[in-house]
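Worksheet: one structure, shown below.
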Amino acid sequence: MSFGLGFSPALRQRVHHPITGMILVVAVSTIPGSAVVAQDKTPFTPDQGRLFLNNAAEKARELQKQNTKTFEEFKKSVTKEPFQYGKYIVNGDTPISTDKDLEEFYKQNVETAGLVGAEFIVMNKAGIDIIWKDGDKNNLAYCVSNAPVASGGFGNRYNTVVSAMADATRAWEAVADIKYIHVTAEDSNCTPTNGNVKFDVRPVNLNAYLARAFFPDEDRTARNVLIDNSAFELPAGGKLSLTGILRHELGHTIGARHEHTRPQSGTCFEDKDWRGVTDYDALSVMHYPQCNGKGDWSLTLTLQDKNGVACLYKAAPEFTIDPNICKPK
Ligand SMILES: [Zn+2]
């Protein structure tokens with residue numbers, strides 16, 4: 001979801017978000033009457049396209065001024081996971097644990113509705129990068145619930161998840177000095193309160209996103225990677241895979257924000273809690289393609305992603321940081 005725009009729900013064009021399964025809001029299509037254009041299969045000429053976009057942007061700005069939600073209205077519009085330790089979900093797959101944090105998000109994003117934008121970018125609050133400390137970064141222990149589906153586990157999808165997690169964690173470990181450890185001994189007790197792991201990997205069946213994760217500063221109960229059933233039913237022949245989805249989600253678990261938070265993407269606004277580590281990277285694993293990204297849905301790490309995370313956590317032994325891309329911390 002994009003909350004930076006502040007349109008009334010009735011005027012929003014709802015588009016299924018391919019990576020999170022969330023409803024996205026597309027400014028271009030919020031204009032009354034534009035549905036006619038959207039349904040017309042005749043392609044625009046470039047001039048017509050530019051004119052349409054300019055008009056749409058102008059009207060969107062007007063609507064934005066008129067339709068700022070109150071916090072209560074905003075809160076009602078946000079997806080809340082309907083289970084214990086459930087979080088609010090904003091920006092597609094960004095979890096917010098408490099009402100206080102949601103209100104902070106509202107103040108920074110919806111109330112002011114200012115378009116700040118968005119490189120490889122890291123969660124940063126009050127000038128401090130939100131990343132794992134040296135003592136923790138090589139022990140990112142996790143469990144994968146092996147309980148039957150009826151008991152909240154992955155059931156016969158367990159091996160698929162274990163293998164996708166192994167591939168996805170390896171992609172980040174290959175470049176940065178971090179280590180994810182799958183603690184199989186905890187898989188039969190893989191709950192949000194299990195203190196023997198840093199995070200739990202469990203299934204959900206919400207159809208609100210494909211998966212969601214957490215940021216490193218969250219409490220143990222909030223540190224979960226939740227994979228929706230829909231992530232196991234991806235269209236055949238497409239580039240989107242469970243491993244790709246998990247590469248993206250694991251980026252969040254080590255502090256990476258959505259690449260499209262930067263201003264250069266010109267769309268998909270998030271909040272101001274970030275710091276650029278590298279230059280803008282439209283191909284980043286953290287950039288949603290529909291937010292003016294140029295990547296496909298394979299969600300692989302670009303050179304910017306690799307250098308960005310290596311600059312934050314120091315490089316893995318087999319990886320060398322390109323000092324033209326970023327400076328190590
Ligand atoms: Zn994400």
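Chains: A, B, ... in order of the structure tokens. Residues: from 1 per chain. Ligands: from 1, in order shown.
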(request) Within 7 Å of range 272-279 of chain A, counting only C-alpha atoms, which residues show up once you throw out same-chain ones fewer than 3 positions away? Write them as a list in words, please. (result) Glu119, Phe120, Ile121, Val122, Met123, Asn124, Lys125, Gln304, Gly308, Ile325 and Cys326 of chain A
Export of prior selection with C-alpha atoms as a PDB file, in the first residue's frame:
```pdb
ATOM      1  CA  GLU A 119      20.028   3.388  -3.312  1.00  0.00           C
ATOM      2  CA  PHE A 120      20.544   0.229  -1.167  1.00  0.00           C
ATOM      3  CA  ILE A 121      18.962   1.788   1.889  1.00  0.00           C
ATOM      4  CA  VAL A 122      19.021   0.778   5.493  1.00  0.00           C
ATOM      5  CA  MET A 123      16.505   1.307   8.281  1.00  0.00           C
ATOM      6  CA  ASN A 124      17.777   4.297  10.227  1.00  0.00           C
ATOM      7  CA  LYS A 125      16.152   5.939  13.206  1.00  0.00           C
ATOM      8  CA  GLN A 304      24.489  -2.352  -5.313  1.00  0.00           C
ATOM      9  CA  GLY A 308      25.366  -2.109   0.298  1.00  0.00           C
ATOM     10  CA  ILE A 325      29.715   1.976  -4.707  1.00  0.00           C
ATOM     11  CA  CYS A 326      29.955   2.461  -0.945  1.00  0.00           C
TER      12      CYS A 326
END
```
(request) Show which residues sit within 12 Å of range 159-161 of chain A, as an MDAnalysis selection string. Count only C-alpha atoms, and ignore same-chain residues fewer than 4 positions away. (result) chainID A and resid 143:147 153:155 165:169 182 184 187 201:203 225:229 231:232 241:243 245:246
(request) Work out how far apart CA of Tyr142 in chain A and CA of Arg170 in chain A are and give it in Å to one decimal. (result) 13.9 Å
(message) If DSSP is run on the backbone, what residues of range 121-212 of chain A are strand (DSSP E)? A reply as a VMD selection string would be ideal.
(response) chain A and resid 121 to 125 128 to 129 140 to 144 180 to 182 199 to 204 211 to 212
(message) What's the separation between CA of Asn91 in chain A and CA of Asp129 in chain A, in Å to one decimal place?
(response)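 Rounded to one decimal, the two atoms are 20.2 Å apart.
Near ligand 1, the residues found within 7 Å are Gly92, Asp93, Thr94, Arg212, His248, Glu249, His252, His258 and Met286 of chain A (criterion computed using only C-alpha atoms and all ligand atoms).
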(request) Give the answer as one residue: which of A:Gly195, A:Pro328, A:Pro323, A:Pro317 has the shortest atom-to-atom distance to Ala141 in chain A, using only C-alpha atoms? (result)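 The shortest atom-to-atom distance to Ala141 in chain A comes from A:Gly195.
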(request) Report the distance between CA of Asp136 in chain A and CA of Thr300 in chain A in Å, rounded to one decimal place. (result)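 Interatomic distance, CA of Asp136 in chain A to CA of Thr300 in chain A: 24.9 Å.
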(request) Report as JSON, numbers by chain: the residues of range 215-279 of chain A with a DSSP assignment of alpha helix (DSSP H), based on the backbone of this structure. (result) {"A": [242, 243, 244, 245, 246, 247, 248, 249, 250, 251, 252, 253]}
Filtering to all heavy atoms, could you give me those residues as a compact mmCIF listing (two decimals), in the first residue's frame?
```
# COMPACT_ATOMS: atom_id res chain seq x y z
N LEU A 242 9.54 -18.67 -4.56
CA LEU A 242 9.58 -18.58 -3.10
C LEU A 242 10.96 -18.12 -2.65
O LEU A 242 11.08 -17.28 -1.75
CB LEU A 242 9.23 -19.95 -2.48
CG LEU A 242 9.21 -19.99 -0.95
CD1 LEU A 242 8.19 -19.02 -0.38
CD2 LEU A 242 8.92 -21.41 -0.46
N THR A 243 12.02 -18.63 -3.30
CA THR A 243 13.38 -18.21 -2.94
C THR A 243 13.56 -16.72 -3.17
O THR A 243 14.14 -16.02 -2.32
CB THR A 243 14.42 -19.01 -3.75
OG1 THR A 243 14.23 -20.39 -3.46
CG2 THR A 243 15.83 -18.59 -3.40
N GLY A 244 13.04 -16.20 -4.27
CA GLY A 244 13.15 -14.76 -4.56
C GLY A 244 12.41 -13.94 -3.51
O GLY A 244 12.92 -12.93 -3.02
N ILE A 245 11.21 -14.38 -3.19
CA ILE A 245 10.42 -13.69 -2.16
C ILE A 245 11.20 -13.66 -0.85
O ILE A 245 11.27 -12.62 -0.18
CB ILE A 245 9.06 -14.40 -1.96
CG1 ILE A 245 8.18 -14.23 -3.20
CG2 ILE A 245 8.35 -13.89 -0.72
CD1 ILE A 245 6.99 -15.17 -3.24
N LEU A 246 11.82 -14.78 -0.50
CA LEU A 246 12.55 -14.84 0.77
C LEU A 246 13.83 -14.02 0.72
O LEU A 246 14.23 -13.45 1.74
CB LEU A 246 12.83 -16.30 1.16
CG LEU A 246 11.56 -17.08 1.56
CD1 LEU A 246 11.88 -18.55 1.80
CD2 LEU A 246 10.90 -16.47 2.81
N ARG A 247 14.46 -13.94 -0.45
CA ARG A 247 15.64 -13.03 -0.54
C ARG A 247 15.22 -11.62 -0.18
O ARG A 247 15.90 -10.92 0.56
CB ARG A 247 16.24 -13.06 -1.96
CG ARG A 247 17.22 -14.19 -2.21
CD ARG A 247 18.01 -13.98 -3.51
NE ARG A 247 17.14 -14.05 -4.68
CZ ARG A 247 16.99 -15.15 -5.43
NH1 ARG A 247 17.65 -16.27 -5.15
NH2 ARG A 247 16.17 -15.13 -6.47
N HIS A 248 14.08 -11.20 -0.74
CA HIS A 248 13.57 -9.86 -0.44
C HIS A 248 13.26 -9.73 1.05
O HIS A 248 13.69 -8.78 1.71
CB HIS A 248 12.32 -9.60 -1.28
CG HIS A 248 11.62 -8.31 -0.99
ND1 HIS A 248 11.84 -7.16 -1.73
CD2 HIS A 248 10.73 -7.97 -0.03
CE1 HIS A 248 11.09 -6.18 -1.23
NE2 HIS A 248 10.41 -6.64 -0.20
N GLU A 249 12.52 -10.67 1.60
CA GLU A 249 12.12 -10.58 3.02
C GLU A 249 13.35 -10.63 3.94
O GLU A 249 13.39 -9.91 4.95
CB GLU A 249 11.15 -11.71 3.37
CG GLU A 249 9.80 -11.62 2.64
CD GLU A 249 9.05 -10.31 2.89
OE1 GLU A 249 9.26 -9.70 3.94
OE2 GLU A 249 8.28 -9.89 2.00
N LEU A 250 14.33 -11.46 3.62
CA LEU A 250 15.54 -11.54 4.46
C LEU A 250 16.31 -10.22 4.43
O LEU A 250 16.97 -9.86 5.39
CB LEU A 250 16.42 -12.71 4.05
CG LEU A 250 15.82 -14.09 4.40
CD1 LEU A 250 16.63 -15.20 3.73
CD2 LEU A 250 15.78 -14.32 5.91
N GLY A 251 16.18 -9.50 3.32
CA GLY A 251 16.78 -8.16 3.27
C GLY A 251 16.24 -7.30 4.40
O GLY A 251 16.98 -6.60 5.10
N HIS A 252 14.93 -7.37 4.63
CA HIS A 252 14.34 -6.62 5.74
C HIS A 252 14.92 -7.09 7.08
O HIS A 252 15.15 -6.28 7.97
CB HIS A 252 12.82 -6.81 5.78
CG HIS A 252 12.09 -6.17 4.63
ND1 HIS A 252 12.36 -4.90 4.20
CD2 HIS A 252 11.10 -6.64 3.83
CE1 HIS A 252 11.56 -4.61 3.19
NE2 HIS A 252 10.79 -5.65 2.93
N THR A 253 15.13 -8.40 7.24
CA THR A 253 15.58 -8.92 8.54
C THR A 253 16.97 -8.43 8.91
O THR A 253 17.36 -8.51 10.07
CB THR A 253 15.56 -10.48 8.60
OG1 THR A 253 16.64 -11.01 7.82
CG2 THR A 253 14.24 -11.06 8.12
```
I want to know what sits within 7 Å of Ile131 in chain A, based on only C-alpha atoms, with residues of the same chain fewer than 5 positions away left out; could you give that as a PDB file with N, CA and C atoms, in the first residue's frame?
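Result saved to around_1.pdb:
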```pdb
ATOM      1  N   PRO A 216      15.580  -5.520  12.438  1.00  0.00           N
ATOM      2  CA  PRO A 216      16.416  -6.046  13.525  1.00  0.00           C
ATOM      3  C   PRO A 216      16.123  -5.468  14.906  1.00  0.00           C
ATOM      4  N   ILE A 254      17.717  -7.930   7.916  1.00  0.00           N
ATOM      5  CA  ILE A 254      19.031  -7.361   8.230  1.00  0.00           C
ATOM      6  C   ILE A 254      19.027  -5.838   8.053  1.00  0.00           C
ATOM      7  N   GLY A 255      17.834  -5.271   7.991  1.00  0.00           N
ATOM      8  CA  GLY A 255      17.722  -3.811   8.016  1.00  0.00           C
ATOM      9  C   GLY A 255      17.460  -3.128   6.698  1.00  0.00           C
TER      10      GLY A 255
END
```
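For the choices A:Ser188, A:Ile181, A:Thr98, A:Asn224, the atom-to-atom distance to Tyr158 in chain A is smallest for A:Ser188 when using only C-alpha atoms.
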(request) For Leu102 in chain A, list every protein, DNA or RNA residue within 9 Å, evaluated using only C-alpha atoms, and leave out those in the same chain fewer than 5 positions away; present the list as JSON, numbers by chain. (result) {"A": [75, 88, 96, 97, 107]}
Take the residues from that selection and put them in a file with N, CA, C and O atoms, as an mmCIF file, in the first residue's frame.
```cif
data_model
loop_
_atom_site.group_PDB
_atom_site.id
_atom_site.type_symbol
_atom_site.label_atom_id
_atom_site.label_comp_id
_atom_site.auth_asym_id
_atom_site.auth_seq_id
_atom_site.Cartn_x
_atom_site.Cartn_y
_atom_site.Cartn_z
ATOM 1 N N LYS A 75 -6.061 4.183 10.523
ATOM 2 C CA LYS A 75 -5.854 2.919 11.238
ATOM 3 C C LYS A 75 -6.853 1.866 10.775
ATOM 4 O O LYS A 75 -6.511 0.704 10.577
ATOM 5 N N TYR A 88 0.312 -4.601 12.261
ATOM 6 C CA TYR A 88 -0.221 -3.809 11.168
ATOM 7 C C TYR A 88 0.723 -3.981 9.985
ATOM 8 O O TYR A 88 1.937 -4.091 10.154
ATOM 9 N N ILE A 96 4.261 -3.237 11.315
ATOM 10 C CA ILE A 96 4.371 -2.283 12.416
ATOM 11 C C ILE A 96 3.700 -2.926 13.619
ATOM 12 O O ILE A 96 2.546 -3.337 13.550
ATOM 13 N N SER A 97 4.432 -3.027 14.738
ATOM 14 C CA SER A 97 3.944 -3.837 15.852
ATOM 15 C C SER A 97 2.952 -3.129 16.755
ATOM 16 O O SER A 97 2.017 -3.725 17.256
ATOM 17 N N LYS A 107 1.904 10.049 11.290
ATOM 18 C CA LYS A 107 2.332 11.447 11.370
ATOM 19 C C LYS A 107 3.354 11.771 10.292
ATOM 20 O O LYS A 107 3.356 12.845 9.719
#
```
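Minimum atom-to-atom distance to Val149 in chain A, evaluated using only C-alpha atoms, belongs to A:Asn205 out of A:Asn205, A:Ala211, A:Lys137, A:Leu312.
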